[in-house]
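Listing of input-v4.cif, mmCIF, C-alpha atoms (C1' of nucleotides)
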data_input
loop_
_atom_site.group_PDB
_atom_site.id
_atom_site.type_symbol
_atom_site.label_atom_id
_atom_site.label_comp_id
_atom_site.auth_asym_id
_atom_site.auth_seq_id
_atom_site.Cartn_x
_atom_site.Cartn_y
_atom_site.Cartn_z
ATOM 1 C CA MET O 1296 49.755 201.234 -41.276
ATOM 2 C CA ASP O 1297 47.186 202.976 -43.476
ATOM 3 C CA ILE O 1298 45.331 200.011 -44.944
ATOM 4 C CA ASP O 1299 43.045 202.151 -47.085
ATOM 5 C CA GLU O 1300 46.039 203.848 -48.702
ATOM 6 C CA LEU O 1301 47.709 200.466 -49.195
ATOM 7 C CA MET O 1302 44.687 199.050 -50.987
ATOM 8 C CA ARG O 1303 44.144 202.245 -52.984
ATOM 9 C CA ARG O 1304 47.633 201.947 -54.443
ATOM 10 C CA LEU O 1305 47.157 198.279 -55.302
ATOM 11 C CA PHE O 1306 43.827 198.995 -57.007
ATOM 12 C CA GLU O 1307 45.483 201.771 -58.982
ATOM 13 C CA LEU O 1308 48.329 199.473 -59.991
ATOM 14 C CA TYR O 1309 46.100 196.563 -61.034
ATOM 15 C CA PRO O 1310 42.692 197.952 -62.079
ATOM 16 C CA ASP O 1311 41.844 194.933 -64.222
ATOM 17 C CA GLY O 1312 40.390 191.842 -62.628
ATOM 18 C CA CYS O 1313 40.637 188.263 -63.753
ATOM 19 C CA THR O 1314 40.029 187.487 -67.446
ATOM 20 C CA VAL O 1315 37.988 184.440 -66.467
ATOM 21 C CA ASP O 1316 34.427 185.260 -65.347
ATOM 22 C CA MET O 1317 34.718 184.484 -61.641
ATOM 23 C CA ARG O 1318 31.101 185.440 -61.024
ATOM 24 C CA GLU O 1319 30.071 182.227 -62.771
ATOM 25 C CA PRO O 1320 30.426 179.587 -60.015
ATOM 26 C CA PHE O 1321 31.460 176.709 -62.284
ATOM 27 C CA PHE O 1322 34.140 178.806 -63.990
ATOM 28 C CA ALA O 1323 35.382 180.108 -60.661
ATOM 29 C CA LEU O 1324 35.612 176.594 -59.220
ATOM 30 C CA ILE O 1325 37.302 174.909 -62.179
ATOM 31 C CA SER O 1326 39.721 177.729 -63.000
ATOM 32 C CA THR O 1327 40.785 177.935 -59.360
ATOM 33 C CA VAL O 1328 41.462 174.201 -59.243
ATOM 34 C CA MET O 1329 43.527 174.672 -62.407
ATOM 35 C CA SER O 1330 45.511 177.484 -60.790
ATOM 36 C CA HIS O 1331 47.103 175.361 -58.063
ATOM 37 C CA ARG O 1332 50.879 175.858 -58.129
ATOM 38 C CA THR O 1333 50.547 177.442 -61.576
ATOM 39 C CA ARG O 1334 50.998 181.086 -62.589
ATOM 40 C CA ASP O 1335 47.836 182.945 -63.510
ATOM 41 C CA ASP O 1336 49.205 184.031 -66.896
ATOM 42 C CA VAL O 1337 49.451 180.329 -67.773
ATOM 43 C CA THR O 1338 46.195 179.344 -66.065
ATOM 44 C CA TYR O 1339 43.812 181.896 -67.624
ATOM 45 C CA PRO O 1340 44.424 181.098 -71.326
ATOM 46 C CA ALA O 1341 44.132 177.374 -70.598
ATOM 47 C CA ALA O 1342 40.917 177.908 -68.633
ATOM 48 C CA GLU O 1343 39.420 180.013 -71.404
ATOM 49 C CA LYS O 1344 40.283 177.344 -73.950
ATOM 50 C CA LEU O 1345 38.688 174.677 -71.739
ATOM 51 C CA PHE O 1346 35.475 176.648 -71.135
ATOM 52 C CA LYS O 1347 35.119 177.451 -74.819
ATOM 53 C CA ARG O 1348 34.903 173.679 -75.448
ATOM 54 C CA PHE O 1349 33.018 172.608 -72.287
ATOM 55 C CA SER O 1350 31.145 175.324 -70.407
ATOM 56 C CA THR O 1351 28.792 173.434 -68.080
ATOM 57 C CA PRO O 1352 29.058 170.589 -65.539
ATOM 58 C CA GLU O 1353 26.952 168.469 -67.917
ATOM 59 C CA GLU O 1354 29.344 168.918 -70.834
ATOM 60 C CA MET O 1355 32.429 168.552 -68.652
ATOM 61 C CA ALA O 1356 31.176 165.363 -67.003
ATOM 62 C CA GLU O 1357 30.590 163.706 -70.365
ATOM 63 C CA ALA O 1358 33.866 164.865 -71.902
ATOM 64 C CA GLU O 1359 36.706 162.441 -72.500
ATOM 65 C CA VAL O 1360 39.296 163.004 -69.800
ATOM 66 C CA GLU O 1361 41.977 162.799 -72.501
ATOM 67 C CA GLU O 1362 40.458 165.821 -74.252
ATOM 68 C CA ILE O 1363 40.387 167.798 -71.002
ATOM 69 C CA GLU O 1364 44.047 166.875 -70.516
ATOM 70 C CA THR O 1365 44.920 168.140 -73.989
ATOM 71 C CA LEU O 1366 43.044 171.412 -73.485
ATOM 72 C CA ILE O 1367 44.772 172.222 -70.181
ATOM 73 C CA LYS O 1368 48.163 170.610 -70.841
ATOM 74 C CA ASP O 1369 50.013 173.919 -70.295
ATOM 75 C CA VAL O 1370 49.221 174.050 -66.560
ATOM 76 C CA GLY O 1371 51.165 172.090 -63.992
ATOM 77 C CA PHE O 1372 49.751 168.789 -62.698
ATOM 78 C CA TYR O 1373 47.482 168.771 -65.740
ATOM 79 C CA ARG O 1374 46.699 165.046 -65.667
ATOM 80 C CA VAL O 1375 45.698 165.099 -62.003
ATOM 81 C CA LYS O 1376 43.705 168.280 -62.549
ATOM 82 C CA ALA O 1377 41.892 166.935 -65.625
ATOM 83 C CA GLY O 1378 40.746 163.931 -63.603
ATOM 84 C CA ARG O 1379 39.632 166.165 -60.754
ATOM 85 C CA ILE O 1380 37.749 168.498 -63.118
ATOM 86 C CA LYS O 1381 35.815 165.599 -64.627
ATOM 87 C CA GLU O 1382 35.118 164.050 -61.221
ATOM 88 C CA ILE O 1383 34.036 167.386 -59.735
ATOM 89 C CA SER O 1384 31.641 167.855 -62.659
ATOM 90 C CA ARG O 1385 30.200 164.365 -62.167
ATOM 91 C CA ILE O 1386 29.664 165.011 -58.444
ATOM 92 C CA LEU O 1387 28.002 168.365 -59.137
ATOM 93 C CA LEU O 1388 25.573 166.612 -61.471
ATOM 94 C CA GLU O 1389 24.846 163.594 -59.304
ATOM 95 C CA GLU O 1390 24.939 165.115 -55.831
ATOM 96 C CA TYR O 1391 24.145 168.805 -56.207
ATOM 97 C CA ASN O 1392 21.696 169.063 -59.092
ATOM 98 C CA GLY O 1393 24.349 170.439 -61.431
ATOM 99 C CA ARG O 1394 25.034 173.432 -59.181
ATOM 100 C CA VAL O 1395 28.203 174.525 -57.392
ATOM 101 C CA PRO O 1396 27.610 174.420 -53.607
ATOM 102 C CA ASP O 1397 27.824 177.761 -51.818
ATOM 103 C CA GLU O 1398 28.939 176.443 -48.438
ATOM 104 C CA MET O 1399 32.513 175.891 -47.260
ATOM 105 C CA GLU O 1400 31.765 172.512 -45.677
ATOM 106 C CA THR O 1401 30.268 171.147 -48.900
ATOM 107 C CA LEU O 1402 32.899 172.596 -51.233
ATOM 108 C CA LEU O 1403 35.654 170.947 -49.177
ATOM 109 C CA LYS O 1404 34.240 167.520 -50.063
ATOM 110 C CA LEU O 1405 35.074 168.016 -53.742
ATOM 111 C CA PRO O 1406 38.371 166.494 -54.953
ATOM 112 C CA GLY O 1407 41.156 169.053 -55.241
ATOM 113 C CA VAL O 1408 39.220 171.671 -53.297
ATOM 114 C CA GLY O 1409 40.840 172.923 -50.114
ATOM 115 C CA ARG O 1410 40.235 175.981 -48.007
ATOM 116 C CA LYS O 1411 41.886 178.440 -50.403
ATOM 117 C CA THR O 1412 39.924 177.226 -53.447
ATOM 118 C CA ALA O 1413 36.643 177.120 -51.519
ATOM 119 C CA ASN O 1414 37.175 180.681 -50.301
ATOM 120 C CA CYS O 1415 37.870 181.861 -53.869
ATOM 121 C CA VAL O 1416 34.563 180.384 -55.036
ATOM 122 C CA LEU O 1417 32.629 181.748 -52.048
ATOM 123 C CA ALA O 1418 34.114 185.229 -52.430
ATOM 124 C CA HIS O 1419 34.125 185.698 -56.190
ATOM 125 C CA ALA O 1420 31.152 183.641 -57.366
ATOM 126 C CA PHE O 1421 28.805 183.861 -54.380
ATOM 127 C CA LEU O 1422 29.967 187.239 -53.002
ATOM 128 C CA LYS O 1423 30.151 185.829 -49.467
ATOM 129 C CA GLU O 1424 31.428 188.675 -47.333
ATOM 130 C CA ASP O 1425 33.066 186.431 -44.732
ATOM 131 C CA ALA O 1426 35.278 184.594 -47.237
ATOM 132 C CA LEU O 1427 38.955 185.555 -47.504
ATOM 133 C CA ALA O 1428 41.119 183.443 -49.799
ATOM 134 C CA VAL O 1429 44.661 183.148 -48.455
ATOM 135 C CA ASP O 1430 47.301 181.635 -50.719
ATOM 136 C CA THR O 1431 51.084 181.785 -50.440
ATOM 137 C CA HIS O 1432 51.171 185.313 -51.926
ATOM 138 C CA VAL O 1433 48.680 186.735 -49.424
ATOM 139 C CA HIS O 1434 50.466 184.885 -46.631
ATOM 140 C CA ARG O 1435 53.957 186.064 -47.592
ATOM 141 C CA ILE O 1436 53.095 189.692 -48.392
ATOM 142 C CA SER O 1437 50.878 190.179 -45.346
ATOM 143 C CA ASN O 1438 53.816 189.087 -43.204
ATOM 144 C CA ARG O 1439 56.386 191.201 -45.068
ATOM 145 C CA LEU O 1440 54.184 194.270 -44.628
ATOM 146 C CA GLY O 1441 53.785 193.465 -40.949
ATOM 147 C CA LEU O 1442 50.002 193.185 -41.188
ATOM 148 C CA VAL O 1443 50.228 189.774 -39.518
ATOM 149 C CA VAL O 1444 52.877 187.587 -37.907
ATOM 150 C CA THR O 1445 51.988 184.023 -38.810
ATOM 151 C CA LYS O 1446 53.520 180.679 -39.710
ATOM 152 C CA ASN O 1447 50.969 179.380 -42.214
ATOM 153 C CA PRO O 1448 48.101 180.520 -44.479
ATOM 154 C CA GLU O 1449 45.476 179.199 -42.066
ATOM 155 C CA ASP O 1450 46.693 181.503 -39.290
ATOM 156 C CA THR O 1451 47.048 184.340 -41.800
ATOM 157 C CA GLU O 1452 43.381 183.989 -42.736
ATOM 158 C CA ILE O 1453 42.412 184.346 -39.074
ATOM 159 C CA GLU O 1454 44.798 187.196 -38.264
ATOM 160 C CA LEU O 1455 44.285 189.146 -41.490
ATOM 161 C CA LYS O 1456 40.535 189.180 -40.861
ATOM 162 C CA ASN O 1457 41.272 191.111 -37.666
ATOM 163 C CA VAL O 1458 43.314 193.746 -39.517
ATOM 164 C CA LEU O 1459 41.888 194.129 -43.020
ATOM 165 C CA PRO O 1460 38.500 195.864 -43.447
ATOM 166 C CA LYS O 1461 35.875 193.458 -44.747
ATOM 167 C CA LYS O 1462 35.234 195.408 -47.933
ATOM 168 C CA TYR O 1463 38.696 194.404 -49.192
ATOM 169 C CA TRP O 1464 38.456 190.666 -48.549
ATOM 170 C CA ILE O 1465 37.001 189.831 -51.943
ATOM 171 C CA ASN O 1466 39.758 191.622 -53.863
ATOM 172 C CA VAL O 1467 42.899 191.238 -51.782
ATOM 173 C CA ASN O 1468 43.718 187.804 -53.143
ATOM 174 C CA ILE O 1469 43.733 188.768 -56.826
ATOM 175 C CA LEU O 1470 45.585 192.029 -56.134
ATOM 176 C CA LEU O 1471 48.299 190.368 -54.055
ATOM 177 C CA VAL O 1472 48.737 187.525 -56.542
ATOM 178 C CA LYS O 1473 49.559 190.077 -59.253
ATOM 179 C CA PHE O 1474 51.661 192.157 -56.886
ATOM 180 C CA GLY O 1475 53.408 189.035 -55.607
ATOM 181 C CA GLN O 1476 54.189 187.861 -59.104
ATOM 182 C CA ASN O 1477 55.425 191.173 -60.465
ATOM 183 C CA VAL O 1478 56.940 192.984 -57.473
ATOM 184 C CA CYS O 1479 56.882 191.359 -54.036
ATOM 185 C CA ARG O 1480 58.142 188.036 -55.370
ATOM 186 C CA PRO O 1481 58.875 185.052 -53.109
ATOM 187 C CA VAL O 1482 62.597 185.230 -53.926
ATOM 188 C CA SER O 1483 64.431 188.387 -55.019
ATOM 189 C CA PRO O 1484 61.586 190.857 -54.427
ATOM 190 C CA ARG O 1485 61.803 193.966 -56.615
ATOM 191 C CA CYS O 1486 61.810 196.517 -53.813
ATOM 192 C CA GLY O 1487 63.432 199.012 -56.180
ATOM 193 C CA VAL O 1488 60.205 199.394 -58.167
ATOM 194 C CA CYS O 1489 57.783 198.885 -55.254
ATOM 195 C CA ILE O 1490 55.186 201.573 -54.567
ATOM 196 C CA LEU O 1491 54.774 200.447 -50.948
ATOM 197 C CA ASN O 1492 58.308 201.171 -49.744
ATOM 198 C CA ASP O 1493 57.189 203.900 -47.341
ATOM 199 C CA MET O 1494 54.810 201.419 -45.683
ATOM 200 C CA CYS O 1495 57.008 198.346 -45.660
ATOM 201 C CA PRO O 1496 59.218 197.360 -42.702
ATOM 202 C CA LYS O 1497 61.159 194.904 -44.869
ATOM 203 C CA ILE O 1498 62.590 197.003 -47.650
ATOM 204 C CA LEU O 1499 65.467 195.069 -49.185
ATOM 205 C CA LEU O 1500 66.397 197.473 -51.994
ATOM 206 C "C1'" DA R 677 55.731 166.576 -40.915
ATOM 207 C "C1'" DA R 678 57.143 165.682 -45.475
ATOM 208 C "C1'" DA R 679 56.711 163.934 -50.046
ATOM 209 C "C1'" DA R 680 54.357 163.910 -54.368
ATOM 210 C "C1'" DC R 681 52.281 165.864 -58.294
ATOM 211 C "C1'" DG R 682 54.599 168.582 -63.245
ATOM 212 C "C1'" DG R 683 54.925 171.667 -67.481
ATOM 213 C "C1'" DG R 684 55.973 176.522 -68.371
ATOM 214 C "C1'" DG R 685 58.564 180.664 -67.650
ATOM 215 C "C1'" DG R 686 62.405 183.619 -65.835
ATOM 216 C "C1'" DC R 687 67.122 183.959 -65.659
ATOM 217 C "C1'" DG S 1387 70.044 174.009 -67.580
ATOM 218 C "C1'" DC S 1388 68.258 175.138 -63.075
ATOM 219 C "C1'" DC S 1389 64.829 176.926 -59.916
ATOM 220 C "C1'" DC S 1390 60.336 178.274 -58.710
ATOM 221 C "C1'" DC S 1391 55.304 178.425 -58.963
ATOM 222 C "C1'" DA S 1392 47.011 181.102 -57.218
ATOM 223 C "C1'" DG S 1393 47.517 173.942 -53.150
ATOM 224 C "C1'" DT S 1394 45.887 169.680 -52.013
ATOM 225 C "C1'" DT S 1395 46.317 164.850 -51.206
ATOM 226 C "C1'" DT S 1396 48.794 161.045 -49.651
ATOM 227 C "C1'" DT S 1397 52.403 158.768 -47.095
#
Target encoding C-alpha coordinates, full file:
Amino acid sequence: MDIDELMRRLFELYPDGCTVDMREPFFALISTVMSHRTRDDVTYPAAEKLFKRFSTPEEMAEAEVEEIETLIKDVGFYRVKAGRIKEISRILLEEYNGRVPDEMETLLKLPGVGRKTANCVLAHAFLKEDALAVDTHVHRISNRLGLVVTKNPEDTEIELKNVLPKKYWINVNILLVKFGQNVCRPVSPRCGVCILNDMCPKILL
DNA sequence: AAAACGGGGGC
DNA sequence: GCCCCAGTTTT
(Lines of atoms letter the chains of each structure in order from A and count residues from 1; the text may use other names and numbers.)
(Lines give C-alpha, C1' and ligand atoms only; values in the text may rest on other atoms or scores of the structure.)
Protein backbone atom coordinates (compact mmCIF):
# COMPACT_ATOMS: atom_id res chain seq x y z
CA MET A 1 0.00 0.00 0.00
CA ASP A 2 1.39 3.37 -1.08
CA ILE A 3 0.24 5.60 1.76
CA ASP A 4 1.68 8.76 0.24
CA GLU A 5 -0.26 8.18 -2.98
CA LEU A 6 -3.39 7.42 -0.97
CA MET A 7 -3.15 10.67 0.95
CA ARG A 8 -2.20 12.65 -2.16
CA ARG A 9 -5.43 11.58 -3.84
CA LEU A 10 -7.52 12.45 -0.80
CA PHE A 11 -5.90 15.89 -0.53
CA GLU A 12 -6.60 16.46 -4.21
CA LEU A 13 -10.21 15.39 -3.78
CA TYR A 14 -10.86 17.52 -0.69
CA PRO A 15 -8.48 20.52 -0.76
CA ASP A 16 -10.69 22.63 1.50
CA GLY A 17 -10.50 22.23 5.24
CA CYS A 18 -13.16 22.85 7.82
CA THR A 19 -15.19 26.08 7.58
CA VAL A 20 -14.93 26.53 11.34
CA ASP A 21 -11.56 27.92 12.50
CA MET A 22 -10.14 24.84 14.20
CA ARG A 23 -6.94 26.66 15.12
CA GLU A 24 -8.92 28.58 17.73
CA PRO A 25 -9.03 26.15 20.69
CA PHE A 26 -12.46 27.18 21.99
CA PHE A 27 -14.04 26.87 18.53
CA ALA A 28 -12.34 23.54 17.95
CA LEU A 29 -13.56 22.18 21.29
CA ILE A 30 -17.16 23.38 21.08
CA SER A 31 -17.70 22.57 17.40
CA THR A 32 -16.30 19.07 17.91
CA VAL A 33 -18.64 18.46 20.84
CA MET A 34 -21.47 19.63 18.57
CA SER A 35 -20.40 17.20 15.85
CA HIS A 36 -21.06 14.02 17.83
CA ARG A 37 -23.30 11.71 15.79
CA THR A 38 -24.13 14.64 13.50
CA ARG A 39 -23.06 15.24 9.90
CA ASP A 40 -20.52 17.99 9.37
CA ASP A 41 -22.69 19.79 6.80
CA VAL A 42 -25.28 20.22 9.57
CA THR A 43 -22.74 20.92 12.32
CA TYR A 44 -20.69 23.69 10.67
CA PRO A 45 -23.53 26.16 9.93
CA ALA A 46 -24.91 25.68 13.44
CA ALA A 47 -21.46 26.19 14.97
CA GLU A 48 -20.89 29.34 12.94
CA LYS A 49 -24.24 30.71 14.05
CA LEU A 50 -23.40 29.92 17.68
CA PHE A 51 -19.94 31.53 17.56
CA LYS A 52 -21.30 34.63 15.87
CA ARG A 53 -23.49 35.16 18.97
CA PHE A 54 -21.10 33.86 21.67
CA SER A 55 -17.42 33.65 20.75
CA THR A 56 -15.61 33.27 24.08
CA PRO A 57 -15.90 31.06 27.18
CA GLU A 58 -16.94 34.17 29.13
CA GLU A 59 -19.85 34.95 26.82
CA MET A 60 -20.87 31.30 26.51
CA ALA A 61 -20.83 30.72 30.27
CA GLU A 62 -23.15 33.66 30.87
CA ALA A 63 -25.52 32.82 28.01
CA GLU A 64 -28.97 31.44 28.68
CA VAL A 65 -28.89 27.73 27.95
CA GLU A 66 -32.22 28.13 26.14
CA GLU A 67 -30.59 30.53 23.67
CA ILE A 68 -27.73 28.10 23.04
CA GLU A 69 -30.34 25.39 22.42
CA THR A 70 -32.14 27.58 19.89
CA LEU A 71 -28.91 28.45 18.06
CA ILE A 72 -27.81 24.82 17.68
CA LYS A 73 -31.23 23.16 17.41
CA ASP A 74 -30.39 21.66 13.98
CA VAL A 75 -27.77 19.26 15.38
CA GLY A 76 -28.67 15.99 17.03
CA PHE A 77 -28.78 15.78 20.84
CA TYR A 78 -28.97 19.57 20.86
CA ARG A 79 -30.38 19.91 24.38
CA VAL A 80 -27.70 17.70 25.91
CA LYS A 81 -25.03 19.46 23.88
CA ALA A 82 -26.23 22.95 24.82
CA GLY A 83 -25.96 22.02 28.50
CA ARG A 84 -22.51 20.57 27.96
CA ILE A 85 -21.34 23.65 26.04
CA LYS A 86 -22.43 25.97 28.85
CA GLU A 87 -20.93 23.72 31.53
CA ILE A 88 -17.66 23.33 29.62
CA SER A 89 -17.45 27.12 29.31
CA ARG A 90 -18.08 27.56 33.05
CA ILE A 91 -15.36 25.02 33.89
CA LEU A 92 -12.89 26.69 31.53
CA LEU A 93 -13.50 29.99 33.31
CA GLU A 94 -13.43 28.68 36.87
CA GLU A 95 -10.80 25.96 36.63
CA TYR A 96 -8.54 26.85 33.71
CA ASN A 97 -8.38 30.64 33.62
CA GLY A 98 -10.67 30.83 30.59
CA ARG A 99 -8.31 28.73 28.47
CA VAL A 100 -8.82 25.37 26.76
CA PRO A 101 -6.42 22.80 28.29
CA ASP A 102 -3.83 21.37 25.92
CA GLU A 103 -3.40 18.01 27.63
CA MET A 104 -5.38 14.83 26.96
CA GLU A 105 -5.81 13.98 30.64
CA THR A 106 -7.31 17.39 31.42
CA LEU A 107 -9.53 17.58 28.34
CA LEU A 108 -11.08 14.21 29.22
CA LYS A 109 -12.44 15.70 32.46
CA LEU A 110 -14.73 18.04 30.53
CA PRO A 111 -18.34 16.87 30.04
CA GLY A 112 -18.97 15.41 26.60
CA VAL A 113 -15.27 15.18 25.80
CA GLY A 114 -13.93 11.72 25.05
CA ARG A 115 -10.77 10.55 23.37
CA LYS A 116 -11.86 11.44 19.83
CA THR A 117 -12.88 15.00 20.74
CA ALA A 118 -9.75 15.57 22.82
CA ASN A 119 -7.55 14.38 19.96
CA CYS A 120 -9.33 16.75 17.54
CA VAL A 121 -8.59 19.70 19.83
CA LEU A 122 -4.98 18.63 20.43
CA ALA A 123 -4.33 18.08 16.72
CA HIS A 124 -6.14 21.01 15.14
CA ALA A 125 -5.93 23.74 17.77
CA PHE A 126 -2.65 22.90 19.52
CA LEU A 127 -0.88 21.19 16.59
CA LYS A 128 0.19 18.29 18.82
CA GLU A 129 2.02 15.90 16.53
CA ASP A 130 1.19 12.79 18.56
CA ALA A 131 -2.58 13.30 18.40
CA LEU A 132 -4.62 11.22 15.94
CA ALA A 133 -8.40 11.58 16.10
CA VAL A 134 -10.12 8.30 15.27
CA ASP A 135 -13.88 8.36 14.72
CA THR A 136 -16.11 5.77 13.08
CA HIS A 137 -15.12 6.96 9.58
CA VAL A 138 -11.38 6.62 10.21
CA HIS A 139 -12.00 3.28 11.91
CA ARG A 140 -14.18 1.86 9.13
CA ILE A 141 -12.14 3.12 6.16
CA SER A 142 -8.78 2.16 7.64
CA ASN A 143 -10.10 -1.38 7.99
CA ARG A 144 -11.68 -1.49 4.52
CA LEU A 145 -8.38 -0.37 2.99
CA GLY A 146 -6.54 -3.00 5.00
CA LEU A 147 -4.35 -0.44 6.76
CA VAL A 148 -5.39 -1.97 10.09
CA VAL A 149 -7.38 -4.94 11.33
CA THR A 150 -9.17 -3.78 14.45
CA LYS A 151 -12.43 -4.13 16.36
CA ASN A 152 -12.81 -0.61 17.76
CA PRO A 153 -11.58 2.98 17.29
CA GLU A 154 -9.25 2.72 20.29
CA ASP A 155 -7.31 -0.14 18.69
CA THR A 156 -7.42 1.66 15.34
CA GLU A 157 -5.73 4.69 16.89
CA ILE A 158 -2.91 2.46 18.15
CA GLU A 159 -2.52 0.41 14.97
CA LEU A 160 -2.92 3.29 12.52
CA LYS A 161 -0.11 5.16 14.28
CA ASN A 162 2.17 2.27 13.33
CA VAL A 163 1.21 2.49 9.64
CA LEU A 164 0.43 6.12 8.82
CA PRO A 165 3.32 8.63 8.65
CA LYS A 166 3.05 11.22 11.39
CA LYS A 167 2.76 14.15 9.01
CA TYR A 168 -0.71 12.93 8.00
CA TRP A 169 -2.17 12.48 11.48
CA ILE A 170 -3.52 16.01 11.74
CA ASN A 171 -5.42 15.81 8.45
CA VAL A 172 -6.53 12.21 8.10
CA ASN A 173 -9.62 12.66 10.24
CA ILE A 174 -11.13 15.54 8.26
CA LEU A 175 -10.24 13.92 4.92
CA LEU A 176 -11.75 10.56 5.83
CA VAL A 177 -14.89 12.14 7.28
CA LYS A 178 -15.56 13.79 3.91
CA PHE A 179 -14.54 10.69 2.00
CA GLY A 180 -16.63 8.51 4.32
CA GLN A 181 -19.66 10.70 3.88
CA ASN A 182 -19.47 11.07 0.12
CA VAL A 183 -17.87 7.84 -1.12
CA CYS A 184 -16.81 5.17 1.36
CA ARG A 185 -20.11 5.32 3.23
CA PRO A 186 -20.93 3.02 6.17
CA VAL A 187 -23.70 1.32 4.18
CA SER A 188 -23.83 1.10 0.38
CA PRO A 189 -20.35 2.50 -0.33
CA ARG A 190 -20.05 4.14 -3.75
CA CYS A 191 -17.18 2.03 -5.04
CA GLY A 192 -18.22 2.91 -8.59
CA VAL A 193 -17.00 6.50 -8.17
CA CYS A 194 -14.10 5.74 -5.80
CA ILE A 195 -10.62 6.92 -6.76
CA LEU A 196 -8.97 4.33 -4.50
CA ASN A 197 -10.23 1.19 -6.23
CA ASP A 198 -6.75 0.10 -7.32
CA MET A 199 -5.60 0.25 -3.68
CA CYS A 200 -8.64 -1.23 -2.00
CA PRO A 201 -8.99 -4.95 -1.17
CA LYS A 202 -12.73 -4.55 -0.58
CA ILE A 203 -14.07 -3.24 -3.84
CA LEU A 204 -17.80 -3.91 -3.90
CA LEU A 205 -18.68 -2.25 -7.22
C1' DA B 1 -21.95 -4.96 27.03
C1' DA B 2 -25.83 -2.33 25.76
C1' DA B 3 -28.97 1.45 25.99
C1' DA B 4 -29.80 6.29 25.65
C1' DC B 5 -29.56 10.69 23.64
C1' DG B 6 -32.35 13.15 18.79
C1' DG B 7 -33.25 16.32 14.70
C1' DG B 8 -31.86 16.48 9.85
C1' DG B 9 -30.97 14.40 5.46
C1' DG B 10 -30.93 10.65 1.89
C1' DC B 11 -33.73 7.55 -0.34
C1' DG C 1 -41.92 6.94 6.27
C1' DC C 2 -37.70 4.60 7.49
C1' DC C 3 -32.80 4.35 8.41
C1' DC C 4 -28.50 6.28 9.55
C1' DC C 5 -25.28 9.64 11.47
C1' DA C 6 -17.52 13.58 13.26
C1' DG C 7 -19.40 9.91 20.41
C1' DT C 8 -19.96 9.94 25.08
C1' DT C 9 -22.34 8.91 29.25
C1' DT C 10 -25.11 6.05 31.92
C1' DT C 11 -27.27 1.73 33.13
(message) I need the chain O residues near chain S as a count of residues only; criterion: at most 10 Å, counting all atoms listed in the file.
(response) 34
Within 7 Å of chain R: each chain O residue with its shortest pair, all atoms listed in the file, as JSON lines:
{"residue": "O:Asp1369", "atom": "CA", "partner": "R:DG683", "partner_atom": "C1'", "distance": 6.1}
{"residue": "O:Val1370", "atom": "CA", "partner": "R:DG683", "partner_atom": "C1'", "distance": 6.3}
{"residue": "O:Gly1371", "atom": "CA", "partner": "R:DG682", "partner_atom": "C1'", "distance": 5.0}
{"residue": "O:Phe1372", "atom": "CA", "partner": "R:DG682", "partner_atom": "C1'", "distance": 4.9}
Practice task
Find the residues near Trp1464 in chain O: any atom within 12 Å, counting only C-alpha atoms (C1' of nucleotides), skip ones fewer than 5 places away on the same chain, and give them as number ranges by chain.
Solution key: O: 1302, 1414-1415, 1417-1419, 1422-1429, 1433, 1452, 1455-1459, 1469-1471
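Residues matched by the PyMOL selection byres ((chain O and resi 1388-1399) around 8) in this structure: Pro1320, Phe1321, Leu1324, Pro1352, Glu1353, Ala1356, Ser1384, Arg1385, Ile1386, Leu1387, Glu1400, Thr1401, Leu1402, Leu1403, Arg1410, Ala1413, Asn1414, Val1416, Leu1417 and Phe1421 of chain O.
Taking CA of Glu1362 in chain O and CA of Cys1313 in chain O as endpoints, the distance between them is 24.8 Å.
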*In file coordinates, which residues lie within 8 Å of (42.9, 198.2, -43.9) using only C-alpha atoms (C1' of nucleotides), given as an MDAnalysis selection string?*
chainID O and resid 1296:1299 1301:1302 1458:1460 1463
Output C-alpha atoms for every residue in the selection just made, as a short mmCIF file (atom, residue, chain, number, x, y, z; two decimals), in the frame of the given file.
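The result, stored in out_32.cif:
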data_model
loop_
_atom_site.label_atom_id
_atom_site.label_comp_id
_atom_site.auth_asym_id
_atom_site.auth_seq_id
_atom_site.Cartn_x
_atom_site.Cartn_y
_atom_site.Cartn_z
CA MET O 1296 49.76 201.23 -41.28
CA ASP O 1297 47.19 202.98 -43.48
CA ILE O 1298 45.33 200.01 -44.94
CA ASP O 1299 43.04 202.15 -47.08
CA LEU O 1301 47.71 200.47 -49.20
CA MET O 1302 44.69 199.05 -50.99
CA VAL O 1458 43.31 193.75 -39.52
CA LEU O 1459 41.89 194.13 -43.02
CA PRO O 1460 38.50 195.86 -43.45
CA TYR O 1463 38.70 194.40 -49.19
#
Just need the box for range 1379-1388 of chain O, edges along x, y and z, holding every atom the file lists for it with 6 Å tacked onto each side, so centre and edge lengths in Å to one decimal, as JSON.
{"center_x": 32.6, "center_y": 166.3, "center_z": -61.5, "size_x": 26.1, "size_y": 16.4, "size_z": 18.2}
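Taking CA of Glu1354 in chain O and CA of Ala1342 in chain O as the two end points, the separation is 14.8 Å.
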Students should find that CA of Val1337 in chain O and CA of Lys1368 in chain O are spaced 10.3 Å
